[in-house]
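A.B. asks: As input, take data_26.txt (compact mmCIF, N, CA and C atoms):
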```txt
# COMPACT_ATOMS: atom_id res chain seq x y z
N MET A 1 -6.88 -13.24 2.88
CA MET A 1 -5.89 -12.44 3.56
C MET A 1 -4.64 -12.37 2.68
N LEU A 2 -4.04 -11.20 2.60
CA LEU A 2 -2.87 -10.99 1.76
C LEU A 2 -1.61 -11.08 2.62
N LEU A 3 -0.76 -12.05 2.29
CA LEU A 3 0.42 -12.33 3.10
C LEU A 3 1.66 -12.52 2.23
N GLY A 4 2.82 -12.26 2.79
CA GLY A 4 4.08 -12.56 2.13
C GLY A 4 4.72 -11.34 1.49
N GLU A 5 5.99 -11.51 1.14
CA GLU A 5 6.72 -10.45 0.43
C GLU A 5 7.39 -11.05 -0.80
N TYR A 6 7.37 -10.29 -1.88
CA TYR A 6 7.84 -10.78 -3.16
C TYR A 6 8.64 -9.70 -3.87
N GLU A 7 9.79 -10.07 -4.39
CA GLU A 7 10.61 -9.14 -5.16
C GLU A 7 10.15 -9.15 -6.61
N HIS A 8 9.91 -7.95 -7.14
CA HIS A 8 9.47 -7.80 -8.52
C HIS A 8 10.14 -6.58 -9.13
N THR A 9 9.81 -6.29 -10.38
CA THR A 9 10.36 -5.12 -11.04
C THR A 9 9.24 -4.33 -11.70
N ILE A 10 9.50 -3.04 -11.89
CA ILE A 10 8.62 -2.17 -12.65
C ILE A 10 9.28 -2.00 -14.01
N ASP A 11 8.52 -2.23 -15.08
CA ASP A 11 9.12 -2.15 -16.42
C ASP A 11 9.20 -0.71 -16.91
N ASP A 12 9.71 -0.53 -18.11
CA ASP A 12 9.91 0.81 -18.68
C ASP A 12 8.60 1.56 -18.94
N LYS A 13 7.48 0.85 -18.94
CA LYS A 13 6.17 1.49 -19.14
C LYS A 13 5.43 1.67 -17.82
N ASN A 14 6.18 1.60 -16.71
CA ASN A 14 5.63 1.77 -15.36
C ASN A 14 4.60 0.70 -14.97
N ARG A 15 4.79 -0.51 -15.52
CA ARG A 15 3.90 -1.61 -15.18
C ARG A 15 4.56 -2.52 -14.16
N LEU A 16 3.78 -2.89 -13.17
CA LEU A 16 4.22 -3.82 -12.14
C LEU A 16 3.44 -5.11 -12.30
N THR A 17 4.15 -6.21 -12.42
CA THR A 17 3.50 -7.52 -12.46
C THR A 17 3.24 -7.94 -11.02
N LEU A 18 1.98 -8.13 -10.68
CA LEU A 18 1.65 -8.59 -9.34
C LEU A 18 2.11 -10.03 -9.17
N PRO A 19 2.57 -10.37 -7.98
CA PRO A 19 2.92 -11.77 -7.72
C PRO A 19 1.74 -12.69 -8.05
N ALA A 20 2.04 -13.83 -8.61
CA ALA A 20 0.99 -14.77 -9.03
C ALA A 20 0.01 -15.08 -7.90
N LYS A 21 0.52 -15.15 -6.68
CA LYS A 21 -0.32 -15.46 -5.53
C LYS A 21 -1.45 -14.44 -5.33
N PHE A 22 -1.23 -13.20 -5.77
CA PHE A 22 -2.21 -12.13 -5.54
C PHE A 22 -3.12 -11.85 -6.74
N ARG A 23 -2.79 -12.37 -7.88
CA ARG A 23 -3.52 -11.98 -9.10
C ARG A 23 -5.00 -12.29 -9.05
N GLN A 24 -5.37 -13.45 -8.55
CA GLN A 24 -6.79 -13.79 -8.50
C GLN A 24 -7.53 -12.85 -7.56
N ALA A 25 -6.92 -12.51 -6.44
CA ALA A 25 -7.56 -11.62 -5.47
C ALA A 25 -7.84 -10.24 -6.08
N PHE A 26 -7.02 -9.82 -7.03
CA PHE A 26 -7.17 -8.51 -7.65
C PHE A 26 -7.78 -8.59 -9.05
N GLY A 27 -8.39 -9.71 -9.35
CA GLY A 27 -8.99 -9.91 -10.67
C GLY A 27 -10.10 -8.93 -11.00
N GLU A 28 -10.78 -8.40 -9.99
CA GLU A 28 -11.85 -7.43 -10.21
C GLU A 28 -11.32 -6.00 -10.27
N GLY A 29 -10.02 -5.83 -10.12
CA GLY A 29 -9.43 -4.50 -10.18
C GLY A 29 -8.66 -4.16 -8.91
N VAL A 30 -7.99 -3.03 -8.98
CA VAL A 30 -7.13 -2.60 -7.89
C VAL A 30 -7.22 -1.08 -7.75
N VAL A 31 -7.13 -0.60 -6.53
CA VAL A 31 -7.00 0.82 -6.25
C VAL A 31 -5.60 1.01 -5.67
N VAL A 32 -4.80 1.80 -6.35
CA VAL A 32 -3.44 2.10 -5.88
C VAL A 32 -3.42 3.55 -5.44
N THR A 33 -2.84 3.81 -4.28
CA THR A 33 -2.77 5.17 -3.77
C THR A 33 -1.48 5.38 -2.99
N ARG A 34 -1.26 6.63 -2.61
CA ARG A 34 -0.11 6.94 -1.76
C ARG A 34 -0.26 6.15 -0.46
N GLY A 35 0.85 5.61 -0.01
CA GLY A 35 0.85 4.93 1.27
C GLY A 35 1.59 5.76 2.30
N LEU A 36 1.66 5.22 3.47
CA LEU A 36 2.39 5.85 4.56
C LEU A 36 3.78 5.22 4.66
N ASP A 37 4.69 5.91 5.28
CA ASP A 37 6.04 5.39 5.53
C ASP A 37 6.88 5.24 4.27
N GLY A 38 6.46 5.84 3.16
CA GLY A 38 7.29 5.80 1.95
C GLY A 38 6.98 4.68 0.98
N CYS A 39 5.75 4.18 0.99
CA CYS A 39 5.38 3.11 0.06
C CYS A 39 4.07 3.48 -0.61
N LEU A 40 3.57 2.59 -1.46
CA LEU A 40 2.24 2.71 -2.04
C LEU A 40 1.35 1.65 -1.42
N PHE A 41 0.05 1.94 -1.34
CA PHE A 41 -0.94 0.97 -0.91
C PHE A 41 -1.72 0.52 -2.14
N ALA A 42 -2.06 -0.76 -2.21
CA ALA A 42 -2.91 -1.30 -3.27
C ALA A 42 -4.02 -2.12 -2.62
N TYR A 43 -5.26 -1.74 -2.91
CA TYR A 43 -6.43 -2.38 -2.31
C TYR A 43 -7.29 -3.05 -3.36
N ARG A 44 -7.93 -4.16 -2.99
CA ARG A 44 -9.03 -4.69 -3.77
C ARG A 44 -10.18 -3.71 -3.62
N GLY A 45 -11.06 -3.66 -4.59
CA GLY A 45 -12.16 -2.69 -4.55
C GLY A 45 -12.97 -2.75 -3.27
N GLU A 46 -13.34 -3.95 -2.84
CA GLU A 46 -14.18 -4.08 -1.64
C GLU A 46 -13.43 -3.64 -0.38
N ASP A 47 -12.13 -3.90 -0.33
CA ASP A 47 -11.35 -3.49 0.84
C ASP A 47 -11.15 -1.97 0.86
N TRP A 48 -10.96 -1.37 -0.32
CA TRP A 48 -10.88 0.08 -0.41
C TRP A 48 -12.20 0.69 0.07
N GLY A 49 -13.31 0.12 -0.38
CA GLY A 49 -14.62 0.61 0.04
C GLY A 49 -14.81 0.54 1.55
N ARG A 50 -14.36 -0.55 2.16
CA ARG A 50 -14.46 -0.69 3.62
C ARG A 50 -13.61 0.36 4.33
N LEU A 51 -12.40 0.58 3.82
CA LEU A 51 -11.53 1.60 4.42
C LEU A 51 -12.18 2.98 4.34
N VAL A 52 -12.71 3.30 3.18
CA VAL A 52 -13.35 4.61 2.99
C VAL A 52 -14.53 4.75 3.95
N GLU A 53 -15.40 3.76 3.99
CA GLU A 53 -16.60 3.85 4.82
C GLU A 53 -16.29 3.84 6.32
N SER A 54 -15.31 3.06 6.74
CA SER A 54 -15.05 2.93 8.17
C SER A 54 -14.09 3.98 8.73
N ARG A 55 -13.15 4.44 7.90
CA ARG A 55 -12.11 5.34 8.44
C ARG A 55 -12.08 6.72 7.81
N LEU A 56 -12.39 6.84 6.52
CA LEU A 56 -12.24 8.13 5.84
C LEU A 56 -13.54 8.92 5.77
N ALA A 57 -14.64 8.28 5.41
CA ALA A 57 -15.92 9.00 5.30
C ALA A 57 -16.35 9.61 6.62
N PRO A 58 -16.14 8.94 7.76
CA PRO A 58 -16.59 9.54 9.03
C PRO A 58 -15.75 10.74 9.51
N LEU A 59 -14.64 11.02 8.85
CA LEU A 59 -13.81 12.14 9.30
C LEU A 59 -14.55 13.46 9.14
N ASP A 60 -14.37 14.34 10.09
CA ASP A 60 -15.04 15.64 10.10
C ASP A 60 -14.43 16.55 9.03
N PRO A 61 -15.21 16.98 8.04
CA PRO A 61 -14.67 17.83 6.97
C PRO A 61 -14.24 19.21 7.46
N PHE A 62 -14.59 19.57 8.69
CA PHE A 62 -14.16 20.84 9.25
C PHE A 62 -12.84 20.73 10.00
N SER A 63 -12.30 19.51 10.06
CA SER A 63 -11.00 19.29 10.68
C SER A 63 -9.91 19.37 9.62
N LYS A 64 -8.92 20.21 9.86
CA LYS A 64 -7.83 20.37 8.90
C LYS A 64 -7.09 19.05 8.68
N GLU A 65 -6.84 18.31 9.76
CA GLU A 65 -6.14 17.03 9.64
C GLU A 65 -6.95 16.03 8.82
N ALA A 66 -8.27 16.02 9.01
CA ALA A 66 -9.12 15.11 8.25
C ALA A 66 -9.07 15.45 6.76
N ARG A 67 -9.16 16.73 6.45
CA ARG A 67 -9.11 17.13 5.04
C ARG A 67 -7.77 16.75 4.42
N ARG A 68 -6.70 16.93 5.16
CA ARG A 68 -5.38 16.59 4.64
C ARG A 68 -5.25 15.09 4.39
N MET A 69 -5.75 14.28 5.29
CA MET A 69 -5.67 12.83 5.10
C MET A 69 -6.51 12.40 3.91
N GLN A 70 -7.70 12.97 3.77
CA GLN A 70 -8.53 12.63 2.63
C GLN A 70 -7.87 13.05 1.32
N ARG A 71 -7.31 14.25 1.29
CA ARG A 71 -6.59 14.69 0.08
C ARG A 71 -5.44 13.76 -0.24
N PHE A 72 -4.69 13.41 0.78
CA PHE A 72 -3.50 12.56 0.59
C PHE A 72 -3.89 11.24 -0.07
N LEU A 73 -4.93 10.60 0.44
CA LEU A 73 -5.31 9.28 -0.07
C LEU A 73 -6.14 9.35 -1.35
N PHE A 74 -7.15 10.22 -1.40
CA PHE A 74 -8.04 10.24 -2.55
C PHE A 74 -7.40 10.86 -3.79
N SER A 75 -6.69 11.97 -3.64
CA SER A 75 -6.15 12.62 -4.83
C SER A 75 -5.05 11.79 -5.48
N GLY A 76 -4.39 10.95 -4.72
CA GLY A 76 -3.36 10.10 -5.29
C GLY A 76 -3.86 8.76 -5.78
N ALA A 77 -5.13 8.46 -5.53
CA ALA A 77 -5.66 7.13 -5.85
C ALA A 77 -5.97 6.99 -7.34
N THR A 78 -5.75 5.78 -7.83
CA THR A 78 -6.10 5.44 -9.20
C THR A 78 -6.70 4.04 -9.22
N GLU A 79 -7.75 3.87 -10.00
CA GLU A 79 -8.36 2.57 -10.18
C GLU A 79 -7.80 1.96 -11.46
N ALA A 80 -7.51 0.68 -11.41
CA ALA A 80 -6.93 0.03 -12.59
C ALA A 80 -7.37 -1.43 -12.64
N GLN A 81 -7.21 -2.00 -13.82
CA GLN A 81 -7.45 -3.42 -14.04
C GLN A 81 -6.12 -4.08 -14.37
N LEU A 82 -5.96 -5.32 -13.95
CA LEU A 82 -4.77 -6.07 -14.34
C LEU A 82 -4.89 -6.44 -15.81
N ASP A 83 -3.78 -6.40 -16.51
CA ASP A 83 -3.81 -6.84 -17.90
C ASP A 83 -3.68 -8.36 -17.95
N GLY A 84 -3.59 -8.93 -19.12
CA GLY A 84 -3.54 -10.38 -19.29
C GLY A 84 -2.35 -11.06 -18.65
N GLN A 85 -1.28 -10.31 -18.40
CA GLN A 85 -0.10 -10.86 -17.74
C GLN A 85 -0.07 -10.55 -16.25
N GLY A 86 -1.16 -10.00 -15.71
CA GLY A 86 -1.23 -9.69 -14.29
C GLY A 86 -0.50 -8.41 -13.91
N ARG A 87 -0.37 -7.50 -14.88
CA ARG A 87 0.34 -6.25 -14.63
C ARG A 87 -0.63 -5.12 -14.37
N VAL A 88 -0.19 -4.18 -13.55
CA VAL A 88 -0.93 -2.97 -13.28
C VAL A 88 0.00 -1.79 -13.58
N MET A 89 -0.55 -0.76 -14.23
CA MET A 89 0.23 0.43 -14.53
C MET A 89 0.23 1.34 -13.30
N ILE A 90 1.42 1.76 -12.88
CA ILE A 90 1.57 2.65 -11.74
C ILE A 90 1.84 4.06 -12.28
N PRO A 91 0.96 5.03 -12.00
CA PRO A 91 1.18 6.38 -12.50
C PRO A 91 2.51 6.97 -12.00
N ALA A 92 3.11 7.80 -12.84
CA ALA A 92 4.41 8.40 -12.52
C ALA A 92 4.38 9.15 -11.19
N ALA A 93 3.28 9.84 -10.90
CA ALA A 93 3.20 10.59 -9.64
C ALA A 93 3.31 9.66 -8.43
N LEU A 94 2.72 8.48 -8.53
CA LEU A 94 2.81 7.53 -7.42
C LEU A 94 4.21 6.93 -7.33
N ILE A 95 4.81 6.66 -8.46
CA ILE A 95 6.20 6.17 -8.46
C ILE A 95 7.10 7.20 -7.80
N GLY A 96 6.86 8.47 -8.11
CA GLY A 96 7.65 9.53 -7.49
C GLY A 96 7.40 9.63 -5.99
N HIS A 97 6.15 9.50 -5.58
CA HIS A 97 5.83 9.57 -4.14
C HIS A 97 6.61 8.54 -3.35
N ALA A 98 6.62 7.31 -3.82
CA ALA A 98 7.29 6.22 -3.10
C ALA A 98 8.76 6.07 -3.48
N LYS A 99 9.22 6.94 -4.38
CA LYS A 99 10.62 6.88 -4.84
C LYS A 99 10.98 5.47 -5.32
N LEU A 100 10.08 4.90 -6.11
CA LEU A 100 10.28 3.55 -6.61
C LEU A 100 11.29 3.54 -7.74
N GLY A 101 12.23 2.64 -7.65
CA GLY A 101 13.12 2.37 -8.75
C GLY A 101 12.58 1.18 -9.52
N ARG A 102 13.43 0.57 -10.32
CA ARG A 102 13.02 -0.60 -11.08
C ARG A 102 12.73 -1.79 -10.16
N ASP A 103 13.55 -1.97 -9.14
CA ASP A 103 13.41 -3.12 -8.24
C ASP A 103 12.52 -2.76 -7.05
N VAL A 104 11.45 -3.54 -6.88
CA VAL A 104 10.48 -3.27 -5.82
C VAL A 104 10.19 -4.54 -5.03
N VAL A 105 9.54 -4.34 -3.89
CA VAL A 105 9.01 -5.43 -3.09
C VAL A 105 7.51 -5.20 -2.96
N VAL A 106 6.74 -6.25 -3.17
CA VAL A 106 5.30 -6.24 -2.97
C VAL A 106 5.03 -7.07 -1.73
N ALA A 107 4.48 -6.42 -0.70
CA ALA A 107 4.25 -7.10 0.58
C ALA A 107 2.76 -7.16 0.87
N GLY A 108 2.26 -8.35 1.21
CA GLY A 108 0.88 -8.50 1.62
C GLY A 108 0.75 -8.08 3.08
N VAL A 109 -0.20 -7.18 3.36
CA VAL A 109 -0.39 -6.67 4.72
C VAL A 109 -1.89 -6.76 5.05
N HIS A 110 -2.35 -7.96 5.32
CA HIS A 110 -3.72 -8.25 5.71
C HIS A 110 -4.72 -7.96 4.58
N ASP A 111 -5.20 -6.71 4.48
CA ASP A 111 -6.24 -6.39 3.50
C ASP A 111 -5.75 -5.56 2.33
N HIS A 112 -4.44 -5.32 2.26
CA HIS A 112 -3.89 -4.53 1.15
C HIS A 112 -2.45 -4.95 0.89
N LEU A 113 -1.94 -4.47 -0.23
CA LEU A 113 -0.53 -4.68 -0.55
C LEU A 113 0.21 -3.38 -0.31
N GLU A 114 1.48 -3.49 0.04
CA GLU A 114 2.37 -2.35 0.07
C GLU A 114 3.41 -2.56 -1.01
N ILE A 115 3.70 -1.51 -1.75
CA ILE A 115 4.69 -1.56 -2.83
C ILE A 115 5.82 -0.63 -2.42
N TRP A 116 7.00 -1.21 -2.25
CA TRP A 116 8.17 -0.51 -1.74
C TRP A 116 9.32 -0.55 -2.74
N ASP A 117 10.10 0.49 -2.78
CA ASP A 117 11.40 0.41 -3.43
C ASP A 117 12.19 -0.65 -2.66
N ARG A 118 12.90 -1.52 -3.34
CA ARG A 118 13.54 -2.66 -2.68
C ARG A 118 14.54 -2.24 -1.62
N ALA A 119 15.38 -1.24 -1.90
CA ALA A 119 16.37 -0.79 -0.91
C ALA A 119 15.69 -0.16 0.30
N THR A 120 14.64 0.60 0.05
CA THR A 120 13.89 1.21 1.16
C THR A 120 13.23 0.14 2.01
N TRP A 121 12.68 -0.88 1.37
CA TRP A 121 12.06 -1.99 2.10
C TRP A 121 13.08 -2.67 3.02
N LYS A 122 14.27 -2.90 2.52
CA LYS A 122 15.29 -3.56 3.34
C LYS A 122 15.60 -2.74 4.58
N ARG A 123 15.69 -1.42 4.42
CA ARG A 123 15.93 -0.55 5.58
C ARG A 123 14.75 -0.58 6.55
N GLU A 124 13.54 -0.51 6.00
CA GLU A 124 12.34 -0.55 6.84
C GLU A 124 12.25 -1.87 7.59
N LEU A 125 12.49 -2.96 6.91
CA LEU A 125 12.42 -4.27 7.53
C LEU A 125 13.45 -4.42 8.64
N ALA A 126 14.66 -3.92 8.43
CA ALA A 126 15.69 -3.98 9.47
C ALA A 126 15.25 -3.19 10.70
N GLU A 127 14.63 -2.05 10.48
CA GLU A 127 14.15 -1.24 11.60
C GLU A 127 13.01 -1.94 12.33
N VAL A 128 12.08 -2.51 11.57
CA VAL A 128 10.95 -3.21 12.17
C VAL A 128 11.44 -4.42 12.98
N GLU A 129 12.33 -5.19 12.38
CA GLU A 129 12.82 -6.38 13.08
C GLU A 129 13.58 -6.00 14.35
N GLY A 130 14.24 -4.86 14.34
CA GLY A 130 14.99 -4.43 15.52
C GLY A 130 14.13 -3.92 16.65
N SER A 131 12.87 -3.57 16.36
CA SER A 131 12.02 -2.98 17.39
C SER A 131 10.71 -3.73 17.62
N ALA A 132 10.51 -4.85 16.97
CA ALA A 132 9.23 -5.55 17.03
C ALA A 132 8.83 -5.92 18.46
N GLU A 133 9.77 -6.40 19.26
CA GLU A 133 9.44 -6.79 20.63
C GLU A 133 9.00 -5.60 21.46
N ASP A 134 9.70 -4.47 21.32
CA ASP A 134 9.32 -3.27 22.07
C ASP A 134 7.95 -2.77 21.64
N VAL A 135 7.70 -2.77 20.36
CA VAL A 135 6.39 -2.32 19.86
C VAL A 135 5.30 -3.25 20.36
N ALA A 136 5.53 -4.55 20.33
CA ALA A 136 4.54 -5.52 20.83
C ALA A 136 4.24 -5.26 22.30
N GLU A 137 5.23 -4.98 23.09
CA GLU A 137 5.03 -4.69 24.51
C GLU A 137 4.17 -3.44 24.70
N ARG A 138 4.47 -2.38 23.96
CA ARG A 138 3.69 -1.13 24.09
C ARG A 138 2.25 -1.34 23.65
N LEU A 139 2.05 -2.06 22.56
CA LEU A 139 0.69 -2.34 22.10
C LEU A 139 -0.07 -3.20 23.10
N ALA A 140 0.60 -4.17 23.69
CA ALA A 140 -0.04 -5.03 24.69
C ALA A 140 -0.43 -4.20 25.91
N ALA A 141 0.40 -3.26 26.30
CA ALA A 141 0.10 -2.43 27.47
C ALA A 141 -1.14 -1.56 27.22
N LYS A 142 -1.38 -1.17 25.98
CA LYS A 142 -2.55 -0.35 25.67
C LYS A 142 -3.85 -1.14 25.80
N ARG A 143 -3.78 -2.46 25.72
CA ARG A 143 -4.99 -3.30 25.80
C ARG A 143 -5.50 -3.41 27.22
N ASP A 144 -4.64 -3.15 28.18
CA ASP A 144 -5.04 -3.29 29.59
C ASP A 144 -6.02 -2.22 30.05
```
What would you get if you wrote out this structure as structure tokens?
C.D. replies:
Amino acid sequence: MLLGEYEHTIDDKNRLTLPAKFRQAFGEGVVVTRGLDGCLFAYRGEDWGRLVESRLAPLDPFSKEARRMQRFLFSGATEAQLDGQGRVMIPAALIGHAKLGRDVVVAGVHDHLEIWDRATWKRELAEVEGSAEDVAERLAAKRD
């Protein structure tokens, strides 16, 4: 399970050093794609495969929303290997999508990582922390 948040930087060659805690988990490679809410998603190969098979492949290709979601995730996705220092190259288009500056936050979110611009992450976290109890209540009500 991928947990925790770590402050890192993207270098001048668009390389992000993954936190040491995550490097072994991504030793077989990484799939980086556009994320939701203004970040990037990074998956281990097997977790990306599970997402595709369970959530994306079953979508109806005759549904406009399904096609848009597939385009959003697949066309922005890139497969990469970590280099010897645990770095992954982030394509410029993905950096632009998430509006990443030099300073970023890498957050473990169960089966994937989220890569955020550090200032955007701070705003997102403040919003999440301010509404977590209300969201928990609404989610709990849906279980009934």
A.B. asks: Counting all atoms listed in the file, which residue out of A:Asp37, A:Glu53, A:Glu114, A:Asp103 sits closest to His8 of chain A?
C.D. replies: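 Closest candidate: A:Asp103.
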A.B. asks: What gap, in Å, lies between atom CA of Phe74 of chain A and atom CA of Arg15 of chain A?
C.D. replies: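 Between these atoms lies a distance of 21.0 Å.
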A.B. asks: Residues within 7 Å of Arg102 of chain A, please, as a PyMOL selection string. Count only C-alpha atoms; anything in the same chain fewer than 3 positions from it doesn't count.
C.D. replies: chain A and resi 9-11
A.B. asks: If you count all atoms listed in the file, which residues fall within 5 Å of segment 87-101 of chain A, apart from same-chain ones fewer than 2 positions away, as a short mmCIF file (atom, residue, chain, number, x, y, z; two decimals) with N, CA and C atoms, in the coordinates of the input?
C.D. replies:
```cif
data_model
loop_
_atom_site.label_atom_id
_atom_site.label_comp_id
_atom_site.auth_asym_id
_atom_site.auth_seq_id
_atom_site.Cartn_x
_atom_site.Cartn_y
_atom_site.Cartn_z
N ASN A 14 6.18 1.60 -16.71
CA ASN A 14 5.63 1.77 -15.36
C ASN A 14 4.60 0.70 -14.97
N ARG A 15 4.79 -0.51 -15.52
CA ARG A 15 3.90 -1.61 -15.18
C ARG A 15 4.56 -2.52 -14.16
N LEU A 16 3.78 -2.89 -13.17
CA LEU A 16 4.22 -3.82 -12.14
C LEU A 16 3.44 -5.11 -12.30
N THR A 17 4.15 -6.21 -12.42
CA THR A 17 3.50 -7.52 -12.46
C THR A 17 3.24 -7.94 -11.02
N LEU A 18 1.98 -8.13 -10.68
CA LEU A 18 1.65 -8.59 -9.34
C LEU A 18 2.11 -10.03 -9.17
N GLY A 38 6.46 5.84 3.16
CA GLY A 38 7.29 5.80 1.95
C GLY A 38 6.98 4.68 0.98
N CYS A 39 5.75 4.18 0.99
CA CYS A 39 5.38 3.11 0.06
C CYS A 39 4.07 3.48 -0.61
N LEU A 82 -5.96 -5.32 -13.95
CA LEU A 82 -4.77 -6.07 -14.34
C LEU A 82 -4.89 -6.44 -15.81
N ASP A 83 -3.78 -6.40 -16.51
CA ASP A 83 -3.81 -6.84 -17.90
C ASP A 83 -3.68 -8.36 -17.95
N GLN A 85 -1.28 -10.31 -18.40
CA GLN A 85 -0.10 -10.86 -17.74
C GLN A 85 -0.07 -10.55 -16.25
N ASP A 103 13.55 -1.97 -9.14
CA ASP A 103 13.41 -3.12 -8.24
C ASP A 103 12.52 -2.76 -7.05
N ASP A 117 10.10 0.49 -2.78
CA ASP A 117 11.40 0.41 -3.43
C ASP A 117 12.19 -0.65 -2.66
#
```
A.B. asks: Interatomic distance between atom CA of Gly76 of chain A and atom CA of Phe41 of chain A?
C.D. replies: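 So the two atoms, atom CA of Gly76 of chain A and atom CA of Phe41 of chain A, lie 10.4 Å apart.
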A.B. asks: Using all atoms listed in the file for the distances, tell me which of A:Ser54, A:Ser131, A:Ser63, A:Thr33 is nearest to Glu79 of chain A.
C.D. replies: A:Thr33
A.B. asks: Looking at all atoms listed in the file, which of A:Ala80, A:Glu7, A:Gly49, A:Asp12 is the one that sits closest to Val105 of chain A?
C.D. replies: A:Glu7
A.B. asks: To one decimal in Å, tell me the separation between atom CA of Gln70 of chain A and atom C of Tyr43 of chain A.
C.D. replies: 16.8 Å
A.B. asks: So that I can check the secondary structure, give me every residue of segment 26-99 of chain A assigned helix (DSSP H, G or I) by backbone DSSP, as a VMD selection string.
C.D. replies: chain A and resid 45 to 56 64 to 75 92 to 98
A.B. asks: Where in chain A does DSSP assign strand (DSSP E or B), given as a ChimeraX atom specification?
C.D. replies: /A:2-10,15-17,30-34,40-43,78-80,87-89,103-110,112-117
A.B. asks: Which residues come within 7 Å of Leu3 of chain A, counting only N, CA and C atoms, excluding same-chain residues fewer than 5 positions away, as a list in words?
C.D. replies: Ala107, Gly108, Val109 and His110 of chain A
A.B. asks: For Leu56 of chain A, work out the shell of residues within 8 Å, counting only N, CA and C atoms and skipping chain neighbours fewer than 6 positions away, then give it as a PyMOL selection string.
C.D. replies: chain A and resi 50+66+69-70
